[in-house]
>>> print(open('run_9.cif').read())   # mmCIF, C-alpha atoms
data_start
loop_
_atom_site.label_atom_id
_atom_site.label_comp_id
_atom_site.auth_asym_id
_atom_site.auth_seq_id
_atom_site.Cartn_x
_atom_site.Cartn_y
_atom_site.Cartn_z
CA MET D 360 197.44 -54.31 -100.04
CA SER D 361 193.82 -55.09 -99.13
CA TYR D 362 194.99 -58.14 -97.14
CA PHE D 363 197.31 -55.96 -95.07
CA PHE D 364 194.60 -54.48 -92.87
CA PRO D 365 192.93 -57.66 -91.57
CA MET D 366 196.36 -59.22 -91.03
CA VAL D 367 197.41 -56.23 -88.92
CA ALA D 368 194.23 -56.55 -86.87
CA VAL D 369 194.74 -60.27 -86.29
CA LEU D 370 198.40 -59.73 -85.40
CA ILE D 371 197.47 -57.12 -82.80
CA TRP D 372 194.76 -59.34 -81.32
CA SER D 373 197.18 -62.27 -81.13
CA ILE D 374 199.70 -60.13 -79.25
CA ASN D 375 196.87 -58.92 -77.02
CA ALA D 376 196.31 -62.54 -75.95
CA LEU D 377 199.86 -62.42 -74.59
CA VAL D 378 199.11 -59.09 -72.94
CA ASN D 379 196.13 -60.73 -71.21
CA LYS D 380 198.44 -63.41 -69.82
CA LEU D 381 201.21 -60.98 -68.90
CA SER D 382 198.78 -58.77 -67.00
CA PHE D 383 198.16 -61.52 -64.42
CA GLY D 384 200.00 -60.64 -61.22
CA VAL D 385 200.98 -57.20 -62.56
CA ILE D 386 197.63 -55.40 -62.53
CA PRO D 387 194.20 -56.56 -61.25
CA ALA D 388 191.88 -57.79 -63.99
CA GLU D 389 189.21 -55.29 -62.92
CA THR D 390 191.70 -52.44 -63.20
CA ILE D 391 193.11 -53.13 -66.66
CA ALA D 392 189.61 -53.92 -67.97
CA PHE D 393 188.43 -50.44 -66.91
CA TYR D 394 191.47 -48.40 -67.94
CA ARG D 395 191.62 -50.10 -71.32
CA TRP D 396 188.33 -48.49 -72.33
CA PHE D 397 188.81 -45.33 -70.29
CA PHE D 398 191.96 -44.39 -72.20
CA ALA D 399 190.58 -45.62 -75.53
CA ILE D 400 187.54 -43.34 -75.18
CA LEU D 401 189.79 -40.52 -74.03
CA ILE D 402 191.80 -40.85 -77.24
CA LEU D 403 188.72 -41.18 -79.47
CA SER D 404 186.67 -38.36 -77.92
CA PRO D 405 188.25 -35.42 -79.83
CA PHE D 406 187.38 -37.18 -83.10
CA LEU D 407 183.99 -38.69 -82.27
CA MET D 408 182.25 -36.39 -79.80
CA LYS D 409 181.01 -34.12 -82.59
CA PRO D 410 179.68 -36.96 -84.82
CA ALA D 411 178.08 -38.54 -81.75
CA TRP D 412 176.37 -35.24 -80.91
CA GLN D 413 175.13 -34.94 -84.50
CA GLN D 414 173.64 -38.45 -84.25
CA ARG D 415 172.32 -37.93 -80.70
CA LYS D 416 168.65 -38.56 -81.62
CA LYS D 417 169.48 -41.99 -83.02
CA ILE D 418 171.68 -42.69 -79.99
CA GLN D 419 168.89 -41.74 -77.59
CA ALA D 420 166.49 -44.02 -79.44
CA HIS D 421 168.84 -47.00 -79.06
CA LEU D 422 170.48 -46.47 -75.66
CA GLY D 423 169.33 -49.84 -74.35
CA LYS D 424 170.66 -51.69 -77.38
CA LEU D 425 174.01 -49.88 -77.24
CA ALA D 426 174.34 -50.68 -73.53
CA PHE D 427 173.57 -54.37 -74.14
CA LEU D 428 176.03 -54.58 -77.05
CA SER D 429 178.65 -52.95 -74.85
CA LEU D 430 178.05 -55.54 -72.14
CA LEU D 431 178.47 -58.39 -74.63
CA GLY D 432 181.33 -57.14 -76.79
CA MET D 433 183.41 -54.92 -74.57
CA VAL D 434 182.75 -56.04 -71.02
CA LEU D 435 182.17 -59.79 -71.08
CA TYR D 436 184.19 -60.70 -74.16
CA GLN D 437 187.19 -58.48 -73.68
CA SER D 438 187.31 -58.42 -69.88
CA LEU D 439 186.79 -62.10 -69.07
CA ALA D 440 190.12 -62.91 -70.73
CA TYR D 441 191.93 -60.92 -68.02
CA PHE D 442 190.30 -63.08 -65.36
CA ALA D 443 190.89 -66.24 -67.39
CA ALA D 444 194.64 -65.52 -67.62
CA ALA D 445 195.09 -66.72 -64.03
CA THR D 446 194.25 -70.32 -64.94
CA THR D 447 194.85 -70.75 -68.66
CA THR D 448 197.50 -70.09 -71.30
CA ALA D 449 197.83 -67.44 -73.98
CA THR D 450 197.68 -70.27 -76.54
CA ASN D 451 194.27 -71.33 -75.24
CA ILE D 452 193.10 -67.72 -75.25
CA GLY D 453 193.92 -67.47 -78.96
CA LEU D 454 192.41 -70.83 -79.87
CA ILE D 455 189.13 -70.48 -77.98
CA THR D 456 188.73 -66.91 -79.26
CA SER D 457 188.93 -68.26 -82.82
CA LEU D 458 185.67 -70.14 -82.18
CA VAL D 459 183.69 -66.87 -82.18
CA PRO D 460 182.57 -67.20 -85.85
CA LEU D 461 181.26 -70.68 -85.05
CA MET D 462 179.27 -69.31 -82.11
CA SER D 463 177.78 -66.66 -84.40
CA LEU D 464 176.93 -69.30 -86.99
CA PHE D 465 174.88 -71.30 -84.50
CA LEU D 466 173.12 -68.27 -83.06
CA ALA D 467 172.15 -66.89 -86.48
CA PRO D 468 169.34 -69.43 -87.16
CA ILE D 469 167.74 -68.54 -83.82
CA LEU D 470 168.05 -64.77 -83.99
CA LEU D 471 168.30 -64.02 -87.72
CA ASN D 472 166.13 -66.85 -89.11
CA LYS D 473 169.01 -68.18 -91.20
CA GLY D 474 169.28 -71.84 -92.06
CA LEU D 475 172.18 -74.03 -90.92
CA SER D 476 173.73 -76.21 -93.61
CA LYS D 477 175.04 -79.75 -93.16
CA TRP D 478 178.53 -78.39 -93.83
CA ALA D 479 178.16 -75.92 -90.98
CA LEU D 480 177.16 -78.80 -88.71
CA LEU D 481 180.18 -80.79 -89.87
CA GLY D 482 182.45 -77.84 -89.16
CA ALA D 483 180.94 -77.41 -85.72
CA SER D 484 181.44 -81.10 -84.93
CA LEU D 485 185.09 -80.98 -85.97
CA SER D 486 185.70 -77.88 -83.88
CA LEU D 487 184.07 -79.36 -80.79
CA ILE D 488 186.07 -82.58 -81.13
CA GLY D 489 189.26 -80.56 -81.53
CA LEU D 490 188.45 -78.39 -78.55
CA PHE D 491 187.75 -81.48 -76.43
CA ILE D 492 191.08 -83.06 -77.43
CA MET D 493 193.02 -79.90 -76.64
CA LEU D 494 191.35 -79.12 -73.32
CA SER D 495 191.45 -82.71 -72.06
CA GLN D 496 195.09 -83.15 -73.10
CA GLY D 497 194.21 -86.74 -74.01
CA ASN D 498 193.05 -87.63 -70.49
CA THR D 499 189.35 -88.14 -71.20
CA HIS D 500 188.50 -89.80 -67.89
CA GLN D 501 190.05 -87.04 -65.78
CA PHE D 502 188.50 -84.34 -67.96
CA ILE D 503 185.01 -85.82 -67.54
CA GLN D 504 185.51 -86.08 -63.77
CA GLN D 505 187.04 -82.64 -63.19
CA GLY D 506 185.48 -80.74 -66.06
CA ILE D 507 186.89 -77.70 -67.80
CA ASN D 508 189.20 -75.43 -65.82
CA GLN D 509 188.01 -71.99 -64.77
CA GLY D 510 190.08 -70.01 -67.25
CA ASP D 511 188.99 -72.00 -70.30
CA GLY D 512 185.39 -71.89 -69.06
CA LEU D 513 185.54 -68.10 -68.87
CA LEU D 514 186.98 -67.96 -72.38
CA LEU D 515 184.13 -70.09 -73.73
CA ILE D 516 181.63 -67.72 -72.10
CA ALA D 517 183.53 -64.81 -73.66
CA ALA D 518 183.48 -66.44 -77.11
CA PHE D 519 179.75 -67.10 -76.83
CA SER D 520 179.21 -63.50 -75.73
CA TYR D 521 181.04 -62.11 -78.76
CA GLY D 522 179.29 -64.54 -81.07
CA LEU D 523 175.98 -63.20 -79.75
CA TYR D 524 177.33 -59.66 -80.13
CA ASN D 525 178.08 -60.22 -83.82
CA VAL D 526 174.59 -61.58 -84.46
CA MET D 527 172.85 -58.76 -82.58
CA ILE D 528 174.85 -56.15 -84.50
CA LYS D 529 173.32 -57.59 -87.69
CA ARG D 530 169.86 -57.89 -86.16
CA TRP D 531 169.73 -54.30 -84.88
CA ASP D 532 170.17 -51.77 -87.65
CA MET D 533 170.36 -48.57 -85.61
CA GLY D 534 171.38 -46.27 -88.45
CA LEU D 535 174.54 -45.14 -86.65
CA SER D 536 177.96 -44.90 -88.25
CA VAL D 537 180.29 -47.74 -87.26
CA TRP D 538 182.65 -45.55 -85.26
CA VAL D 539 179.91 -43.68 -83.42
CA SER D 540 178.34 -47.00 -82.47
CA LEU D 541 181.67 -48.34 -81.20
CA TYR D 542 182.36 -45.07 -79.38
CA MET D 543 179.06 -45.15 -77.51
CA GLN D 544 179.57 -48.81 -76.64
CA GLY D 545 182.96 -47.84 -75.21
CA VAL D 546 181.34 -45.13 -73.10
CA PHE D 547 178.88 -47.67 -71.74
CA ALA D 548 181.78 -50.08 -71.10
CA ILE D 549 183.34 -47.52 -68.76
CA ILE D 550 180.06 -47.31 -66.85
CA TRP D 551 179.70 -51.11 -66.69
CA LEU D 552 183.29 -51.59 -65.51
CA LEU D 553 183.43 -48.75 -62.95
CA PRO D 554 181.98 -50.80 -60.03
CA GLY D 555 184.61 -53.48 -60.65
CA LEU D 556 187.38 -50.88 -60.55
CA LEU D 557 186.10 -49.52 -57.22
CA LEU D 558 186.18 -53.05 -55.77
CA ALA D 559 189.59 -53.94 -57.23
CA PRO D 560 192.58 -54.59 -54.91
CA SER D 561 194.32 -51.61 -56.54
CA VAL D 562 193.13 -48.85 -58.84
CA SER D 563 196.58 -47.53 -59.73
CA ILE D 564 198.67 -48.38 -62.80
CA SER D 565 202.25 -49.35 -61.98
CA LEU D 566 205.18 -48.70 -64.31
CA ALA D 567 205.25 -52.41 -65.14
CA ALA D 568 201.55 -52.36 -66.07
CA MET D 569 201.67 -49.16 -68.12
CA PRO D 570 202.84 -50.80 -71.42
CA LEU D 571 200.14 -53.46 -71.06
CA VAL D 572 197.37 -50.91 -70.52
CA THR D 573 198.70 -48.73 -73.36
CA PHE D 574 198.76 -51.62 -75.83
CA ALA D 575 195.27 -52.77 -74.82
CA ALA D 576 193.82 -49.25 -75.07
CA LEU D 577 195.57 -48.01 -78.21
CA ALA D 578 196.47 -51.03 -80.33
CA ALA D 579 193.82 -53.61 -79.37
CA SER D 580 190.90 -51.22 -78.84
CA ILE D 581 191.49 -48.61 -81.57
CA ILE D 582 194.04 -49.61 -84.23
CA ALA D 583 192.91 -53.25 -84.58
CA PRO D 584 189.18 -52.41 -84.96
CA TRP D 585 190.08 -49.66 -87.47
CA ALA D 586 192.20 -52.09 -89.50
CA TRP D 587 189.49 -54.76 -89.34
CA ILE D 588 186.76 -52.35 -90.48
CA LYS D 589 189.09 -51.15 -93.25
CA GLY D 590 189.60 -54.76 -94.33
CA ILE D 591 185.84 -55.39 -94.41
CA GLY D 592 185.42 -52.31 -96.60
CA LEU D 593 188.01 -53.62 -99.07
CA LEU D 594 187.32 -57.36 -99.00
CA GLY D 595 183.81 -57.80 -97.62
CA ALA D 596 182.79 -59.31 -94.29
CA GLU D 597 182.87 -62.96 -95.44
CA ARG D 598 186.40 -62.88 -96.92
CA THR D 599 187.74 -60.85 -94.01
CA ALA D 600 186.38 -63.33 -91.44
CA ILE D 601 188.68 -66.04 -92.86
CA PHE D 602 191.69 -64.15 -91.47
CA MET D 603 190.51 -64.91 -87.92
CA ASN D 604 191.77 -68.46 -88.50
CA ALA D 605 195.30 -67.09 -88.28
CA LEU D 606 194.71 -65.79 -84.74
CA PRO D 607 195.45 -69.00 -82.78
CA VAL D 608 198.43 -69.82 -85.00
CA MET D 609 200.02 -66.40 -84.44
CA THR D 610 199.18 -66.50 -80.74
CA ALA D 611 200.68 -69.97 -80.27
CA MET D 612 203.88 -69.00 -82.09
CA ALA D 613 204.26 -65.80 -80.06
CA ALA D 614 203.44 -67.53 -76.75
CA SER D 615 205.96 -70.27 -77.46
CA GLN D 616 208.64 -67.71 -78.25
CA TRP D 617 208.00 -65.06 -75.59
CA LEU D 618 206.20 -66.88 -72.78
CA ASN D 619 207.89 -70.27 -73.16
CA GLU D 620 204.53 -72.00 -73.43
CA GLN D 621 205.08 -75.57 -74.56
CA LEU D 622 202.93 -76.82 -77.42
CA THR D 623 201.98 -80.49 -77.09
CA VAL D 624 200.69 -82.94 -79.67
CA TYR D 625 197.22 -82.28 -78.25
CA HIS D 626 197.52 -78.60 -79.16
CA TYR D 627 198.49 -79.49 -82.72
CA VAL D 628 195.81 -82.17 -83.20
CA GLY D 629 193.01 -80.51 -81.22
CA GLY D 630 193.80 -77.00 -82.40
CA GLY D 631 194.12 -78.20 -85.99
CA LEU D 632 190.71 -79.88 -85.89
CA ALA D 633 189.12 -76.81 -84.27
CA LEU D 634 190.55 -74.54 -86.99
CA LEU D 635 189.53 -76.98 -89.73
CA GLY D 636 185.98 -76.97 -88.39
CA VAL D 637 185.82 -73.17 -88.31
CA SER D 638 187.28 -73.03 -91.85
CA VAL D 639 184.73 -75.52 -93.21
CA SER D 640 181.88 -73.52 -91.69
CA GLN D 641 183.19 -70.16 -92.88
CA ILE D 642 184.09 -71.24 -96.42
CA THR D 643 180.74 -72.92 -97.03
CA THR D 644 178.94 -69.90 -95.59
CA GLN D 645 180.94 -67.61 -97.88
CA PHE D 646 180.14 -69.87 -100.86
CA SER D 647 176.42 -69.70 -100.04
CA VAL D 648 176.56 -65.88 -99.91
CA LEU D 649 178.37 -65.68 -103.25
CA LYS D 650 175.93 -68.17 -104.81
CA ALA D 651 172.97 -66.11 -103.60
CA LYS D 652 174.50 -62.92 -105.08
CA TRP D 653 175.14 -64.71 -108.37
CA LEU D 654 171.54 -65.95 -108.54
CA MET D 655 170.25 -62.44 -107.82
CA LYS D 656 172.35 -61.03 -110.66
CA GLY D 657 171.10 -63.78 -112.94
CA ALA D 658 167.52 -62.96 -112.11
#
>>> encode(input="run_9.cif", output="structure tokens")
Amino acid sequence: MSYFFPMVAVLIWSINALVNKLSFGVIPAETIAFYRWFFAILILSPFLMKPAWQQRKKIQAHLGKLAFLSLLGMVLYQSLAYFAAATTTATNIGLITSLVPLMSLFLAPILLNKGLSKWALLGASLSLIGLFIMLSQGNTHQFIQQGINQGDGLLLIAAFSYGLYNVMIKRWDMGLSVWVSLYMQGVFAIIWLLPGLLLAPSVSISLAAMPLVTFAALAASIIAPWAWIKGIGLLGAERTAIFMNALPVMTAMAASQWLNEQLTVYHYVGGGLALLGVSVSQITTQFSVLKAKWLMKGA
């Protein structure tokens, strides 16, 4: 039963990759990015306004940090995918998103003073090779000349942003409950995204866009984080992180079935290497954590 919660979260996030792609041409990226958090905060407010008020002194002391975390995790990471959908596939959205733990792993030595093992470096190398194979589609010369396309470039920026977000969450212990912290970040996200909404081609939500906005606001922004946090509480952060490896697989299967995206040999080879690299890094990191706990108990 404990595995149920992280699997639900990953399933929702994989479907949300399809929602990102489906939103293109139906609703402006600036519009869905804003309404996603507007409606999510609207739903959460009756439950979290009182706890937020009770923790207001801690919130006031960390407003700058909460605003910065919101920019990284809720604006850049979760909004850039809507813009990327114009020039990339849902499959690529899922695969590049799965590189977030690797981004966090490389930022940790800089910001958390944690060492980087040779296995982590091996995992990173495998992932980068896999990513290069997938994005170049085997045409190395053309890829070097033209570079990465805009959508995949935006996704890499988004993955880096969320990797930095994860590290800064660990670096800054603000003493807030998880949900109050997320709630305040969502409030800041609305503020960050409001100028974009005002400049968007349209600020209205059409009937065709309504299911997409609803899923993004309710399932991807509330239910998935709740399930993920629940999974961490039952399994621990290290074991739960492994489930992220299922994200690109689920996304690719769903995109192939519902969006008719064709998977090539480069997706299988490149994506497989990228996932292998992330797995090597995560498993060795988890082993190091367990070893350290065992040594502490022994002492």
>>> resolve_selection(input="run_9.cif", expression="the PyMOL selection byres ((chain D and resi 489) around 10)", output="number ranges by chain")
D: 483-488, 490-495, 625-636
>>> write_last_selection(input="run_9.cif", atoms="C-alpha atoms", output="PDB file, in the coordinates of the input")
ATOM      1  CA  ALA D 483     180.940 -77.410 -85.720  1.00  0.00           C
ATOM      2  CA  SER D 484     181.440 -81.100 -84.930  1.00  0.00           C
ATOM      3  CA  LEU D 485     185.090 -80.980 -85.970  1.00  0.00           C
ATOM      4  CA  SER D 486     185.700 -77.880 -83.880  1.00  0.00           C
ATOM      5  CA  LEU D 487     184.070 -79.360 -80.790  1.00  0.00           C
ATOM      6  CA  ILE D 488     186.070 -82.580 -81.130  1.00  0.00           C
ATOM      7  CA  LEU D 490     188.450 -78.390 -78.550  1.00  0.00           C
ATOM      8  CA  PHE D 491     187.750 -81.480 -76.430  1.00  0.00           C
ATOM      9  CA  ILE D 492     191.080 -83.060 -77.430  1.00  0.00           C
ATOM     10  CA  MET D 493     193.020 -79.900 -76.640  1.00  0.00           C
ATOM     11  CA  LEU D 494     191.350 -79.120 -73.320  1.00  0.00           C
ATOM     12  CA  SER D 495     191.450 -82.710 -72.060  1.00  0.00           C
ATOM     13  CA  TYR D 625     197.220 -82.280 -78.250  1.00  0.00           C
ATOM     14  CA  HIS D 626     197.520 -78.600 -79.160  1.00  0.00           C
ATOM     15  CA  TYR D 627     198.490 -79.490 -82.720  1.00  0.00           C
ATOM     16  CA  VAL D 628     195.810 -82.170 -83.200  1.00  0.00           C
ATOM     17  CA  GLY D 629     193.010 -80.510 -81.220  1.00  0.00           C
ATOM     18  CA  GLY D 630     193.800 -77.000 -82.400  1.00  0.00           C
ATOM     19  CA  GLY D 631     194.120 -78.200 -85.990  1.00  0.00           C
ATOM     20  CA  LEU D 632     190.710 -79.880 -85.890  1.00  0.00           C
ATOM     21  CA  ALA D 633     189.120 -76.810 -84.270  1.00  0.00           C
ATOM     22  CA  LEU D 634     190.550 -74.540 -86.990  1.00  0.00           C
ATOM     23  CA  LEU D 635     189.530 -76.980 -89.730  1.00  0.00           C
ATOM     24  CA  GLY D 636     185.980 -76.970 -88.390  1.00  0.00           C
TER      25      GLY D 636
END
>>> atom_distance(input="run_9.cif", atom1="CA of Asn619 in chain D", atom2="CA of Leu454 in chain D")
16.9 Å
>>> closest_atom_pairs(input="run_9.cif", of="range 550-578 of chain D", to="range 431-435 of chain D", cutoff="12 Å", atoms="only C-alpha atoms", output="CSV")
residue,atom,partner,partner_atom,distance
D:Ile550,CA,D:Val434,CA,10.0
D:Trp551,CA,D:Val434,CA,7.2
D:Leu552,CA,D:Val434,CA,7.1
D:Leu553,CA,D:Val434,CA,10.9
D:Gly555,CA,D:Val434,CA,10.8
D:Ala576,CA,D:Met433,CA,11.9
>>> resolve_selection(input="run_9.cif", expression="the PyMOL selection byres ((chain D and resi 599-608) around 10)", output="PDB file with C-alpha atoms, in the coordinates of the input")
ATOM      1  CA  SER D 361     193.820 -55.090 -99.130  1.00  0.00           C
ATOM      2  CA  TYR D 362     194.990 -58.140 -97.140  1.00  0.00           C
ATOM      3  CA  PHE D 364     194.600 -54.480 -92.870  1.00  0.00           C
ATOM      4  CA  PRO D 365     192.930 -57.660 -91.570  1.00  0.00           C
ATOM      5  CA  MET D 366     196.360 -59.220 -91.030  1.00  0.00           C
ATOM      6  CA  ALA D 368     194.230 -56.550 -86.870  1.00  0.00           C
ATOM      7  CA  VAL D 369     194.740 -60.270 -86.290  1.00  0.00           C
ATOM      8  CA  LEU D 370     198.400 -59.730 -85.400  1.00  0.00           C
ATOM      9  CA  ILE D 371     197.470 -57.120 -82.800  1.00  0.00           C
ATOM     10  CA  TRP D 372     194.760 -59.340 -81.320  1.00  0.00           C
ATOM     11  CA  SER D 373     197.180 -62.270 -81.130  1.00  0.00           C
ATOM     12  CA  ILE D 374     199.700 -60.130 -79.250  1.00  0.00           C
ATOM     13  CA  ALA D 376     196.310 -62.540 -75.950  1.00  0.00           C
ATOM     14  CA  ALA D 449     197.830 -67.440 -73.980  1.00  0.00           C
ATOM     15  CA  THR D 450     197.680 -70.270 -76.540  1.00  0.00           C
ATOM     16  CA  ASN D 451     194.270 -71.330 -75.240  1.00  0.00           C
ATOM     17  CA  ILE D 452     193.100 -67.720 -75.250  1.00  0.00           C
ATOM     18  CA  GLY D 453     193.920 -67.470 -78.960  1.00  0.00           C
ATOM     19  CA  LEU D 454     192.410 -70.830 -79.870  1.00  0.00           C
ATOM     20  CA  ILE D 455     189.130 -70.480 -77.980  1.00  0.00           C
ATOM     21  CA  THR D 456     188.730 -66.910 -79.260  1.00  0.00           C
ATOM     22  CA  SER D 457     188.930 -68.260 -82.820  1.00  0.00           C
ATOM     23  CA  LEU D 458     185.670 -70.140 -82.180  1.00  0.00           C
ATOM     24  CA  VAL D 459     183.690 -66.870 -82.180  1.00  0.00           C
ATOM     25  CA  PRO D 460     182.570 -67.200 -85.850  1.00  0.00           C
ATOM     26  CA  TRP D 587     189.490 -54.760 -89.340  1.00  0.00           C
ATOM     27  CA  ILE D 588     186.760 -52.350 -90.480  1.00  0.00           C
ATOM     28  CA  LYS D 589     189.090 -51.150 -93.250  1.00  0.00           C
ATOM     29  CA  GLY D 590     189.600 -54.760 -94.330  1.00  0.00           C
ATOM     30  CA  ILE D 591     185.840 -55.390 -94.410  1.00  0.00           C
ATOM     31  CA  GLY D 592     185.420 -52.310 -96.600  1.00  0.00           C
ATOM     32  CA  LEU D 593     188.010 -53.620 -99.070  1.00  0.00           C
ATOM     33  CA  LEU D 594     187.320 -57.360 -99.000  1.00  0.00           C
ATOM     34  CA  GLY D 595     183.810 -57.800 -97.620  1.00  0.00           C
ATOM     35  CA  ALA D 596     182.790 -59.310 -94.290  1.00  0.00           C
ATOM     36  CA  GLU D 597     182.870 -62.960 -95.440  1.00  0.00           C
ATOM     37  CA  ARG D 598     186.400 -62.880 -96.920  1.00  0.00           C
ATOM     38  CA  MET D 609     200.020 -66.400 -84.440  1.00  0.00           C
ATOM     39  CA  THR D 610     199.180 -66.500 -80.740  1.00  0.00           C
ATOM     40  CA  ALA D 611     200.680 -69.970 -80.270  1.00  0.00           C
ATOM     41  CA  MET D 612     203.880 -69.000 -82.090  1.00  0.00           C
ATOM     42  CA  ALA D 613     204.260 -65.800 -80.060  1.00  0.00           C
ATOM     43  CA  ALA D 614     203.440 -67.530 -76.750  1.00  0.00           C
ATOM     44  CA  TYR D 627     198.490 -79.490 -82.720  1.00  0.00           C
ATOM     45  CA  GLY D 630     193.800 -77.000 -82.400  1.00  0.00           C
ATOM     46  CA  GLY D 631     194.120 -78.200 -85.990  1.00  0.00           C
ATOM     47  CA  ALA D 633     189.120 -76.810 -84.270  1.00  0.00           C
ATOM     48  CA  LEU D 634     190.550 -74.540 -86.990  1.00  0.00           C
ATOM     49  CA  LEU D 635     189.530 -76.980 -89.730  1.00  0.00           C
ATOM     50  CA  VAL D 637     185.820 -73.170 -88.310  1.00  0.00           C
ATOM     51  CA  SER D 638     187.280 -73.030 -91.850  1.00  0.00           C
ATOM     52  CA  GLN D 641     183.190 -70.160 -92.880  1.00  0.00           C
ATOM     53  CA  ILE D 642     184.090 -71.240 -96.420  1.00  0.00           C
ATOM     54  CA  GLN D 645     180.940 -67.610 -97.880  1.00  0.00           C
TER      55      GLN D 645
END
>>> atom_distance(input="run_9.cif", atom1="CA of Ser540 in chain D", atom2="CA of Leu523 in chain D")
16.6 Å
>>> build_atoms(input="run_9.cif", residues="range 605-611 of chain D", atoms="all heavy atoms", output="compact mmCIF listing (two decimals), keeping the file's coordinate frame")
# COMPACT_ATOMS: atom_id res chain seq x y z
N ALA D 605 193.87 -67.25 -88.54
CA ALA D 605 195.30 -67.09 -88.28
C ALA D 605 195.58 -66.70 -86.83
O ALA D 605 196.72 -66.79 -86.37
CB ALA D 605 195.90 -66.04 -89.22
N LEU D 606 194.53 -66.28 -86.11
CA LEU D 606 194.71 -65.79 -84.74
C LEU D 606 195.35 -66.82 -83.81
O LEU D 606 196.37 -66.51 -83.16
CB LEU D 606 193.37 -65.32 -84.18
CG LEU D 606 193.36 -64.87 -82.71
CD1 LEU D 606 194.28 -63.67 -82.51
CD2 LEU D 606 191.95 -64.52 -82.26
N PRO D 607 194.82 -68.04 -83.70
CA PRO D 607 195.45 -69.00 -82.78
C PRO D 607 196.84 -69.41 -83.19
O PRO D 607 197.68 -69.71 -82.35
CB PRO D 607 194.48 -70.19 -82.79
CG PRO D 607 193.74 -70.07 -84.07
CD PRO D 607 193.61 -68.61 -84.34
N VAL D 608 197.10 -69.45 -84.51
CA VAL D 608 198.43 -69.82 -85.00
C VAL D 608 199.45 -68.76 -84.58
O VAL D 608 200.52 -69.08 -84.04
CB VAL D 608 198.42 -69.98 -86.53
CG1 VAL D 608 199.82 -70.31 -87.04
CG2 VAL D 608 197.43 -71.05 -86.95
N MET D 609 199.12 -67.50 -84.82
CA MET D 609 200.02 -66.40 -84.44
C MET D 609 200.20 -66.36 -82.92
O MET D 609 201.32 -66.15 -82.43
CB MET D 609 199.45 -65.06 -84.93
CG MET D 609 199.50 -64.88 -86.42
SD MET D 609 198.88 -63.23 -86.88
CE MET D 609 199.18 -63.23 -88.64
N THR D 610 199.10 -66.55 -82.20
CA THR D 610 199.18 -66.50 -80.74
C THR D 610 200.07 -67.62 -80.20
O THR D 610 200.91 -67.40 -79.32
CB THR D 610 197.78 -66.62 -80.11
OG1 THR D 610 196.95 -65.57 -80.62
CG2 THR D 610 197.86 -66.50 -78.60
N ALA D 611 199.88 -68.83 -80.73
CA ALA D 611 200.68 -69.97 -80.27
C ALA D 611 202.16 -69.76 -80.55
O ALA D 611 203.01 -70.07 -79.70
CB ALA D 611 200.18 -71.25 -80.94
